[in-house]
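Source file coords_27.tsv; content: TSV, C-alpha atoms.
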```
chain	number	residue	atom	x	y	z
A	236	MET	CA	17.39	-20.68	-13.44
A	237	GLU	CA	14.68	-19.22	-15.64
A	238	ILE	CA	11.93	-16.63	-15.20
A	239	ARG	CA	8.58	-17.79	-16.54
A	240	LYS	CA	4.97	-16.69	-16.27
A	241	ILE	CA	2.96	-17.90	-13.27
A	242	THR	CA	-0.14	-19.87	-14.28
A	243	PRO	CA	-3.09	-21.29	-12.29
A	244	GLU	CA	-1.32	-24.63	-11.97
A	245	HIS	CA	1.34	-22.95	-9.81
A	246	LYS	CA	-1.15	-21.77	-7.18
A	247	GLU	CA	-0.45	-24.53	-4.67
A	248	ARG	CA	3.30	-23.89	-4.84
A	249	VAL	CA	2.85	-20.10	-4.59
A	250	LEU	CA	0.72	-20.54	-1.46
A	251	GLN	CA	3.26	-22.94	-0.01
A	252	ILE	CA	6.03	-20.34	-0.42
A	253	SER	CA	3.97	-17.55	1.13
A	254	LYS	CA	2.32	-19.49	3.97
A	255	ASP	CA	4.80	-18.37	6.64
A	256	ILE	CA	5.21	-14.75	5.48
A	257	TRP	CA	3.97	-12.13	7.97
A	258	GLU	CA	3.39	-14.85	10.52
A	259	GLY	CA	0.99	-16.68	8.23
A	260	ASP	CA	-1.09	-13.61	7.36
A	261	ASP	CA	0.31	-12.94	3.90
A	262	TYR	CA	-2.11	-11.43	1.40
A	263	ILE	CA	-0.95	-13.57	-1.54
A	264	PRO	CA	-3.72	-16.20	-1.12
A	265	GLU	CA	-6.32	-13.44	-1.38
A	266	ILE	CA	-4.89	-11.83	-4.51
A	267	PHE	CA	-3.43	-14.75	-6.49
A	268	ASP	CA	-6.44	-15.16	-8.80
A	269	LYS	CA	-6.60	-11.43	-9.53
A	270	TRP	CA	-2.91	-11.35	-10.41
A	271	ILE	CA	-3.36	-14.34	-12.71
A	272	ALA	CA	-6.24	-12.56	-14.46
A	273	ASP	CA	-4.34	-9.28	-14.91
A	274	PRO	CA	-3.83	-8.92	-18.69
A	275	TYR	CA	-1.35	-6.04	-18.44
A	276	GLY	CA	1.00	-6.83	-15.57
A	277	GLU	CA	3.73	-9.43	-15.16
A	278	PHE	CA	3.16	-12.20	-12.60
A	279	VAL	CA	6.29	-14.29	-13.01
A	280	GLY	CA	8.31	-16.85	-11.13
A	281	LEU	CA	11.93	-17.94	-10.92
A	282	PHE	CA	12.18	-21.63	-11.72
A	283	ASP	CA	14.99	-24.05	-10.96
A	284	GLU	CA	14.22	-26.49	-13.76
A	285	ASN	CA	10.52	-27.17	-12.99
A	286	THR	CA	10.56	-26.06	-9.36
A	287	LEU	CA	9.22	-22.59	-8.52
A	288	VAL	CA	11.60	-20.99	-6.00
A	289	ALA	CA	10.45	-17.34	-6.05
A	290	PHE	CA	7.84	-15.07	-7.61
A	291	GLY	CA	6.92	-11.42	-7.99
A	292	LYS	CA	4.36	-9.11	-9.58
A	293	MET	CA	4.62	-6.03	-11.77
A	294	THR	CA	1.35	-4.09	-11.85
A	295	TYR	CA	0.18	-1.12	-13.92
A	296	LEU	CA	-1.66	1.14	-11.47
A	297	THR	CA	-2.45	3.37	-14.46
A	298	PRO	CA	-1.40	2.94	-18.10
A	299	THR	CA	1.82	4.83	-17.27
A	300	ASP	CA	2.46	4.09	-13.58
A	301	VAL	CA	4.12	0.80	-12.62
A	302	TRP	CA	4.20	-0.80	-9.17
A	303	LEU	CA	6.47	-3.71	-8.20
A	304	GLU	CA	5.16	-5.92	-5.41
A	305	GLY	CA	4.75	-9.36	-3.90
A	306	LEU	CA	8.33	-10.60	-4.16
A	307	ARG	CA	8.50	-13.89	-2.28
A	308	LYS	CA	11.20	-16.55	-2.05
A	309	ASP	CA	11.14	-20.10	-0.74
A	310	GLN	CA	13.15	-19.76	2.46
A	311	GLY	CA	14.14	-23.40	2.22
A	312	VAL	CA	16.26	-22.98	-0.91
A	313	SER	CA	19.76	-21.51	-1.13
A	314	VAL	CA	19.29	-19.40	-4.26
A	315	LYS	CA	21.04	-16.04	-3.89
A	316	GLY	CA	20.32	-12.68	-5.49
A	317	VAL	CA	16.61	-13.25	-6.13
A	318	CYS	CA	15.68	-9.57	-5.81
A	319	LYS	CA	18.44	-8.58	-8.22
A	320	ILE	CA	17.23	-11.15	-10.75
A	321	PHE	CA	13.64	-9.86	-10.63
A	322	THR	CA	14.70	-6.20	-10.59
A	323	GLU	CA	16.84	-6.64	-13.67
A	324	TYR	CA	14.06	-8.60	-15.41
A	325	TYR	CA	11.43	-5.93	-14.78
A	326	LEU	CA	13.70	-2.99	-15.61
A	327	SER	CA	14.74	-4.67	-18.86
A	328	LEU	CA	11.09	-4.86	-19.88
A	329	LEU	CA	10.27	-1.35	-18.72
A	330	SER	CA	13.25	0.27	-20.41
A	331	GLN	CA	11.54	-0.44	-23.73
A	332	LYS	CA	8.48	1.61	-22.75
A	333	GLN	CA	9.01	5.31	-23.37
A	334	TYR	CA	5.66	6.52	-22.04
A	335	LEU	CA	6.07	5.64	-18.35
A	336	THR	CA	5.65	8.28	-15.65
A	337	SER	CA	6.70	6.20	-12.62
A	338	VAL	CA	8.16	2.87	-11.50
A	339	ARG	CA	7.91	2.35	-7.74
A	340	PHE	CA	7.70	-0.15	-4.89
A	341	ALA	CA	7.30	-0.10	-1.10
A	342	THR	CA	9.11	-2.20	1.47
A	343	TYR	CA	9.80	-2.56	5.18
A	344	PHE	CA	13.00	-1.02	6.52
A	345	LYS	CA	14.41	-4.44	7.49
A	346	ASN	CA	14.11	-5.83	3.98
A	347	HIS	CA	17.75	-5.31	3.03
A	348	GLY	CA	17.52	-8.15	0.51
A	349	SER	CA	15.24	-5.94	-1.59
A	350	ILE	CA	16.57	-2.50	-0.68
A	351	THR	CA	20.26	-3.07	-1.44
A	352	PRO	CA	19.91	-4.49	-4.99
A	353	ALA	CA	17.20	-1.96	-5.82
A	354	GLU	CA	19.44	0.94	-4.81
A	355	ARG	CA	22.32	-0.54	-6.79
A	356	ALA	CA	20.00	-0.68	-9.81
A	357	GLY	CA	19.25	3.03	-9.40
A	358	PHE	CA	16.08	3.16	-7.29
A	359	GLN	CA	15.92	6.11	-4.89
A	360	ARG	CA	13.88	6.50	-1.73
A	361	VAL	CA	11.06	8.97	-2.41
A	362	LEU	CA	9.02	8.70	0.81
A	363	THR	CA	9.46	7.51	4.37
A	364	CYS	CA	6.50	6.90	6.66
A	365	SER	CA	5.72	5.14	9.91
A	366	LEU	CA	3.39	2.16	9.62
A	367	LYS	CA	1.13	2.21	12.66
A	368	ASN	CA	-1.14	-0.57	13.90
A	369	LEU	CA	-4.04	-0.49	16.34
A	370	GLU	CA	-5.63	-3.70	17.58
A	371	ILE	CA	-9.38	-3.50	18.05
A	372	ASP	CA	-12.08	-5.77	19.43
A	373	SER	CA	-14.39	-6.73	16.59
A	374	ASN	CA	-17.21	-7.28	19.10
A	375	GLU	CA	-16.80	-4.05	21.06
A	376	LYS	CA	-19.73	-1.67	20.75
A	377	THR	CA	-18.65	1.46	18.88
A	378	GLU	CA	-20.68	4.63	18.61
A	379	VAL	CA	-20.19	7.02	15.70
A	380	HIS	CA	-20.56	10.75	16.41
A	381	PRO	CA	-23.61	12.32	14.70
A	382	ASN	CA	-21.36	14.89	13.03
A	383	ILE	CA	-19.76	12.11	10.97
A	384	THR	CA	-21.34	11.85	7.54
A	385	ASN	CA	-20.57	11.13	3.91
A	386	ASP	CA	-23.27	13.51	2.73
A	387	ILE	CA	-20.95	16.20	1.37
A	388	SER	CA	-20.39	17.43	-2.16
A	389	TYR	CA	-17.57	16.09	-4.27
A	390	MET	CA	-16.07	19.57	-4.54
A	391	GLU	CA	-15.94	19.87	-0.74
A	392	PHE	CA	-14.35	16.44	-0.55
A	393	LYS	CA	-11.83	17.14	-3.30
A	394	ASN	CA	-10.82	20.61	-2.14
A	395	TYR	CA	-10.29	19.41	1.42
A	396	MET	CA	-8.12	16.55	0.21
A	397	LEU	CA	-5.99	18.62	-2.14
A	398	THR	CA	-5.26	21.31	0.45
A	399	SER	CA	-4.57	18.88	3.29
A	400	SER	CA	-1.36	18.67	5.27
A	401	TYR	CA	-1.51	14.86	5.22
A	402	LEU	CA	-1.53	14.60	1.44
A	403	LYS	CA	1.24	17.18	1.09
A	404	LYS	CA	3.48	15.37	3.58
A	405	CYS	CA	2.76	12.06	1.82
A	406	LYS	CA	3.97	13.73	-1.40
A	407	ASN	CA	0.56	13.41	-3.00
A	408	PHE	CA	0.35	9.65	-2.47
A	409	LEU	CA	-2.72	7.82	-1.20
A	410	SER	CA	-2.20	4.30	0.10
A	411	LYS	CA	-4.27	1.20	-0.45
A	412	GLY	CA	-2.35	-1.10	1.81
A	413	TRP	CA	1.29	-1.33	0.76
A	414	VAL	CA	0.48	0.06	-2.68
A	415	LEU	CA	0.66	3.84	-3.10
A	416	TYR	CA	-1.18	5.72	-5.82
A	417	ASN	CA	-0.88	9.27	-7.07
A	418	ALA	CA	-3.85	11.24	-5.75
A	419	THR	CA	-5.41	11.81	-9.14
A	420	GLU	CA	-8.89	13.08	-9.88
A	421	LEU	CA	-9.88	9.55	-10.84
A	422	LEU	CA	-8.68	8.10	-7.53
A	423	LEU	CA	-10.38	10.79	-5.43
A	424	ALA	CA	-13.61	10.21	-7.35
A	425	GLU	CA	-13.34	6.48	-6.63
A	426	PHE	CA	-13.13	7.00	-2.85
A	427	TYR	CA	-15.98	9.50	-3.02
A	428	THR	CA	-18.42	7.54	-5.20
A	429	LYS	CA	-17.84	4.32	-3.24
A	430	LYS	CA	-18.37	6.30	-0.01
A	431	ARG	CA	-15.15	5.01	1.49
A	432	PHE	CA	-14.82	8.01	3.76
A	433	GLY	CA	-16.20	9.75	6.80
A	434	ALA	CA	-16.44	13.53	7.13
A	435	TRP	CA	-16.87	15.63	10.25
A	436	VAL	CA	-19.25	18.47	9.40
A	437	GLU	CA	-20.11	21.14	11.96
A	438	ASP	CA	-22.39	24.10	11.22
A	439	GLY	CA	-22.08	23.28	7.54
A	440	ILE	CA	-18.26	23.37	7.62
A	441	LEU	CA	-16.04	20.39	6.82
A	442	LYS	CA	-13.56	20.09	9.70
A	443	GLY	CA	-12.16	16.59	9.26
A	444	LEU	CA	-11.97	13.70	6.82
A	445	ILE	CA	-10.91	10.06	6.92
A	446	LEU	CA	-10.57	7.67	3.96
A	447	PHE	CA	-10.39	3.90	4.13
A	448	CYS	CA	-10.21	1.06	1.64
A	449	ASN	CA	-10.65	-2.66	1.25
A	450	VAL	CA	-7.31	-4.42	0.98
A	451	TYR	CA	-6.28	-8.04	0.61
A	452	TYR	CA	-5.29	-8.48	4.24
A	453	SER	CA	-7.47	-10.88	6.15
A	454	ASN	CA	-7.26	-9.16	9.54
A	455	SER	CA	-6.41	-5.54	8.74
A	456	PHE	CA	-8.50	-2.51	7.83
A	457	TRP	CA	-6.55	0.21	6.05
A	458	ILE	CA	-6.89	3.96	6.68
A	459	SER	CA	-5.69	5.76	3.55
A	460	PHE	CA	-5.98	9.35	4.78
A	461	ILE	CA	-6.82	11.32	7.89
A	462	GLU	CA	-6.94	15.07	8.46
A	463	ALA	CA	-8.72	17.09	11.14
A	464	GLU	CA	-8.56	20.48	12.78
A	465	ASN	CA	-8.09	19.01	16.28
A	466	ASP	CA	-7.80	15.78	18.25
A	467	ILE	CA	-11.49	15.70	19.18
A	468	VAL	CA	-12.40	15.48	15.51
A	469	ARG	CA	-9.60	12.96	14.85
A	470	ASP	CA	-10.87	10.76	17.68
A	471	SER	CA	-14.37	10.76	16.20
A	472	LEU	CA	-13.08	9.98	12.72
A	473	LEU	CA	-11.08	7.10	14.17
A	474	MET	CA	-14.22	5.72	15.82
A	475	SER	CA	-15.98	5.77	12.46
A	476	ALA	CA	-13.09	3.80	10.92
A	477	LYS	CA	-13.19	1.36	13.84
A	478	LYS	CA	-16.91	0.86	13.27
A	479	ALA	CA	-16.34	0.19	9.56
A	480	ALA	CA	-13.58	-2.30	10.44
A	481	GLN	CA	-15.81	-4.14	12.90
A	482	GLU	CA	-18.54	-4.45	10.28
A	483	ARG	CA	-15.98	-6.25	8.10
A	484	GLN	CA	-14.77	-8.47	10.98
A	485	LYS	CA	-11.30	-6.88	10.98
A	486	ASN	CA	-9.28	-6.66	14.19
A	487	VAL	CA	-6.40	-4.34	13.27
A	488	LEU	CA	-6.42	-0.78	11.95
A	489	GLN	CA	-3.38	0.26	9.90
A	490	LEU	CA	-2.28	3.75	8.95
A	491	LEU	CA	0.76	5.35	7.31
A	492	VAL	CA	2.01	8.41	9.19
A	493	PRO	CA	4.30	10.83	7.33
A	494	GLU	CA	6.72	13.14	9.13
A	495	ASP	CA	4.15	15.11	11.12
A	496	ASN	CA	4.68	15.66	14.83
A	497	VAL	CA	1.06	16.53	15.58
A	498	LEU	CA	-0.29	13.43	13.86
A	499	MET	CA	2.43	11.23	15.35
A	500	ASP	CA	1.62	12.43	18.87
A	501	TRP	CA	-2.05	11.67	18.27
A	502	VAL	CA	-1.58	8.15	16.88
A	503	GLU	CA	0.67	7.18	19.76
A	504	LYS	CA	-1.74	8.68	22.29
A	505	THR	CA	-4.63	6.69	20.81
A	506	GLY	CA	-2.73	3.40	21.04
A	507	PHE	CA	-1.31	2.93	17.54
A	508	ALA	CA	2.12	1.30	17.60
A	509	SER	CA	4.90	0.32	15.19
A	510	TRP	CA	6.15	-3.24	14.81
A	511	ASP	CA	9.76	-2.16	15.40
A	512	LYS	CA	10.27	1.60	15.17
A	513	ASN	CA	9.07	4.78	13.52
A	514	ASN	CA	10.06	5.57	9.93
A	515	ASP	CA	9.88	1.89	8.97
A	516	PHE	CA	7.97	2.11	5.66
A	517	PHE	CA	9.96	3.07	2.56
A	518	VAL	CA	8.78	3.94	-0.95
A	519	PHE	CA	11.34	3.76	-3.75
A	520	GLY	CA	11.14	5.13	-7.27
A	521	MET	CA	13.26	4.60	-10.37
A	522	PRO	CA	14.40	7.88	-12.00
A	523	LEU	CA	13.00	7.70	-15.51
A	524	GLU	CA	16.21	9.06	-17.03
A	525	LEU	CA	17.97	5.92	-15.82
A	526	LEU	CA	15.42	3.79	-17.65
A	527	LYS	CA	16.13	5.75	-20.81
A	528	ILE	CA	19.85	5.12	-20.40
A	529	ARG	CA	19.16	1.40	-20.13
A	530	CYS	CA	17.24	1.57	-23.39
A	531	SER	CA	19.96	3.46	-25.32
```
Once you've parsed the file, please lay out its structure as structure tokens.
Amino acid sequence: MEIRKITPEHKERVLQISKDIWEGDDYIPEIFDKWIADPYGEFVGLFDENTLVAFGKMTYLTPTDVWLEGLRKDQGVSVKGVCKIFTEYYLSLLSQKQYLTSVRFATYFKNHGSITPAERAGFQRVLTCSLKNLEIDSNEKTEVHPNITNDISYMEFKNYMLTSSYLKKCKNFLSKGWVLYNATELLLAEFYTKKRFGAWVEDGILKGLILFCNVYYSNSFWISFIEAENDIVRDSLLMSAKKAAQERQKNVLQLLVPEDNVLMDWVEKTGFASWDKNNDFFVFGMPLELLKIRCS
């Protein structure tokens, strides 16, 4: 067995491995070319002689923040310990880099094949959320409340975000699909300048905000943030997200819900549901002191 770089010639095999993941709705086909073109990350595969049996991606979200993602294995082969092999490979590379500020990944609670070896390697769970899904009709007529706008100042936008309960309970992470970013000034400015948000403004006062993003999921539209002073405002913000999803021909809204009883009550009341149970989405981080020990 040998780990080698994935190249364009491996695309057909990569797609073959991922075709049955998430009931055939895996995002790998949508992102393969971008991963290949990434000059900084590591898109590598595990090869049995010349046969690709598994692959994974290491991505630099910033020059100092690393995200591990996209680990896939051919379910038809009997190779054991794939996650351990990739984890050790990535950590060996990263232990040589003294400037890192984070090494993280997210996974579903059932993914014991990734969780167990990662914990044995030293990863610790840093956040638990509930992944909620709401099916929508892409052809249903949706009206957006006139109080919803994106005509607010950046300072209003930023201050509301940074003082929000949602961001605090998400430990200052903002999600773009299954990838979580630190809510930096640069990231907030990106959402704002690209107008990927809706704000409820009443009598000149900002009373609610929702952020959304384009992700590499063919059917899903991702809500990255939601905060409001009451359910009426939340309902209107949700309708604006539904409208944006319909315009993109998406039929599922997805949202991460941190430990927040008020928000959880609202999402369940509005029809959002989990695939299996609450608290099903885990984020793990590698303590940097353990990376330093590996290097010494």
Can I get the residues of range 241-343 of chain A within 9 Å of range 452-456 of chain A, each with the closest pair of atoms and their distance in Å to one decimal, using all atoms listed in the file, sorted chain first then ascending number, as a tab-separated table?
```
residue	atom	partner	partner_atom	distance
A:Asp260	CA	A:Ser453	CA	7.0
A:Asp261	CA	A:Tyr452	CA	7.2
A:Tyr262	CA	A:Tyr452	CA	5.2
A:Ile263	CA	A:Tyr452	CA	8.8
A:Glu265	CA	A:Tyr452	CA	7.6
```
Keeping only C-alpha atoms, write the selected residues to a file as a tab-separated table (two decimals), in the coordinates of the input.
```
chain	number	residue	atom	x	y	z
A	260	ASP	CA	-1.09	-13.61	7.36
A	261	ASP	CA	0.31	-12.94	3.90
A	262	TYR	CA	-2.11	-11.43	1.40
A	263	ILE	CA	-0.95	-13.57	-1.54
A	265	GLU	CA	-6.32	-13.44	-1.38
```
Restricting the calculation to only C-alpha atoms, which member of A:Ser400, A:Asn417, A:Thr351, A:Thr286 is positioned closest to Arg339 in chain A?
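Comparing A:Ser400, A:Asn417, A:Thr351, A:Thr286 against Arg339 in chain A, the winner is A:Asn417.
With distances restricted to all atoms listed in the file, A:Ala289 is the closest residue to Ile241 in chain A from A:Val312, A:Ala289, A:Leu366, A:Val436.
For the pair CA of Ile467 in chain A and CA of Leu397 in chain A, the separation is 22.2 Å.
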Nearest-residue call for Ile458 in chain A, choices A:Arg431, A:Arg529, A:Val314, A:Phe408, using only C-alpha atoms
A:Arg431
Show me, as a short mmCIF file (atom, residue, chain, number, x, y, z; two decimals) with C-alpha atoms, keeping the file's coordinate frame, the residues that have an atom within 10 Å of Phe392 in chain A when counting only C-alpha atoms, minus same-chain residues fewer than 5 positions from it.
```cif
data_model
loop_
_atom_site.label_atom_id
_atom_site.label_comp_id
_atom_site.auth_asym_id
_atom_site.auth_seq_id
_atom_site.Cartn_x
_atom_site.Cartn_y
_atom_site.Cartn_z
CA ASN A 385 -20.57 11.13 3.91
CA ASP A 386 -23.27 13.51 2.73
CA ILE A 387 -20.95 16.20 1.37
CA LEU A 397 -5.99 18.62 -2.14
CA LEU A 423 -10.38 10.79 -5.43
CA ALA A 424 -13.61 10.21 -7.35
CA PHE A 426 -13.13 7.00 -2.85
CA TYR A 427 -15.98 9.50 -3.02
CA PHE A 432 -14.82 8.01 3.76
CA ALA A 434 -16.44 13.53 7.13
CA LEU A 441 -16.04 20.39 6.82
CA LEU A 444 -11.97 13.70 6.82
#
```
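Atom pair CA of Ser330 in chain A / CA of Lys527 in chain A has a distance of 6.2 Å (rounded to one decimal).
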Give me the residues within 12 Å of Ala418 in chain A as a compact mmCIF listing (two decimals) with C-alpha atoms, in the frame of the given file, counting all atoms listed in the file and dropping any in the same chain fewer than 2 places off.
```
# COMPACT_ATOMS: atom_id res chain seq x y z
CA LEU A 296 -1.66 1.14 -11.47
CA THR A 297 -2.45 3.37 -14.46
CA LYS A 393 -11.83 17.14 -3.30
CA MET A 396 -8.12 16.55 0.21
CA LEU A 397 -5.99 18.62 -2.14
CA THR A 398 -5.26 21.31 0.45
CA SER A 399 -4.57 18.88 3.29
CA TYR A 401 -1.51 14.86 5.22
CA LEU A 402 -1.53 14.60 1.44
CA LYS A 403 1.24 17.18 1.09
CA CYS A 405 2.76 12.06 1.82
CA LYS A 406 3.97 13.73 -1.40
CA ASN A 407 0.56 13.41 -3.00
CA PHE A 408 0.35 9.65 -2.47
CA LEU A 409 -2.72 7.82 -1.20
CA SER A 410 -2.20 4.30 0.10
CA LYS A 411 -4.27 1.20 -0.45
CA LEU A 415 0.66 3.84 -3.10
CA TYR A 416 -1.18 5.72 -5.82
CA GLU A 420 -8.89 13.08 -9.88
CA LEU A 421 -9.88 9.55 -10.84
CA LEU A 422 -8.68 8.10 -7.53
CA LEU A 423 -10.38 10.79 -5.43
CA ALA A 424 -13.61 10.21 -7.35
CA GLU A 425 -13.34 6.48 -6.63
CA PHE A 426 -13.13 7.00 -2.85
CA SER A 459 -5.69 5.76 3.55
CA PHE A 460 -5.98 9.35 4.78
```
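Closest to Arg360 in chain A among A:Asn486, A:Thr342, A:Ser388, A:Gln331 is A:Thr342, based on only C-alpha atoms.
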As an exercise, work out the distance from CA of Asp470 in chain A to CA of Phe517 in chain A in Å and give it to one decimal place.
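For CA of Asp470 in chain A relative to CA of Phe517 in chain A, the distance reads 26.9 Å.
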Can you pull out the residues contacting Pro298 in chain A? Cut-off 10 Å, using only C-alpha atoms, and skip same-chain residues under 2 positions away; I want them as a ChimeraX atom specification.
/A:275,294-296,300-301,334-336
Counting all atoms listed in the file, write as a list in words all protein and nucleic acid residues lying at most 10 Å from (-20.4, 18.1, 12.3) in the file's frame.
His380, Pro381, Asn382, Ile383, Thr384, Ala434, Trp435, Val436, Glu437, Asp438, Gly439, Ile440, Leu441, Lys442, Gly443 and Val468 of chain A
Using all atoms listed in the file, the residue out of A:Trp257, A:Phe447, A:Phe278, A:Phe519 with shortest distance to Tyr324 in chain A is A:Phe278
Contacts of Asn368 in chain A at 6 Å (all atoms listed in the file; same-chain gap of 2+ positions) as a list in words
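With the cut-off at 6 Å, the set is Leu488, Gln489, Phe507 and Ala508 of chain A.
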Tell me which of A:Ile371, A:Val450, A:Leu523, A:Met499 sits closest to Ala476 in chain A, counting all atoms listed in the file.
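So, comparing all the options, the nearest one is A:Ile371.
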Extract, using only C-alpha atoms, all DNA, RNA and protein residues at most 7 Å from Val379 in chain A, discarding same-chain residues fewer than 5 positions from it, and format them as a ChimeraX atom specification.
/A:471,474-475
Listed atoms of range 363-374 of chain A boxed along x, y and z, 6 Å each side, centre and edge lengths in Å, one decimal, as lines of an AutoDock Vina configuration file:
```
center_x = -3.9
center_y = 0.1
center_z = 11.9
size_x = 38.7
size_y = 26.8
size_z = 27.1
```
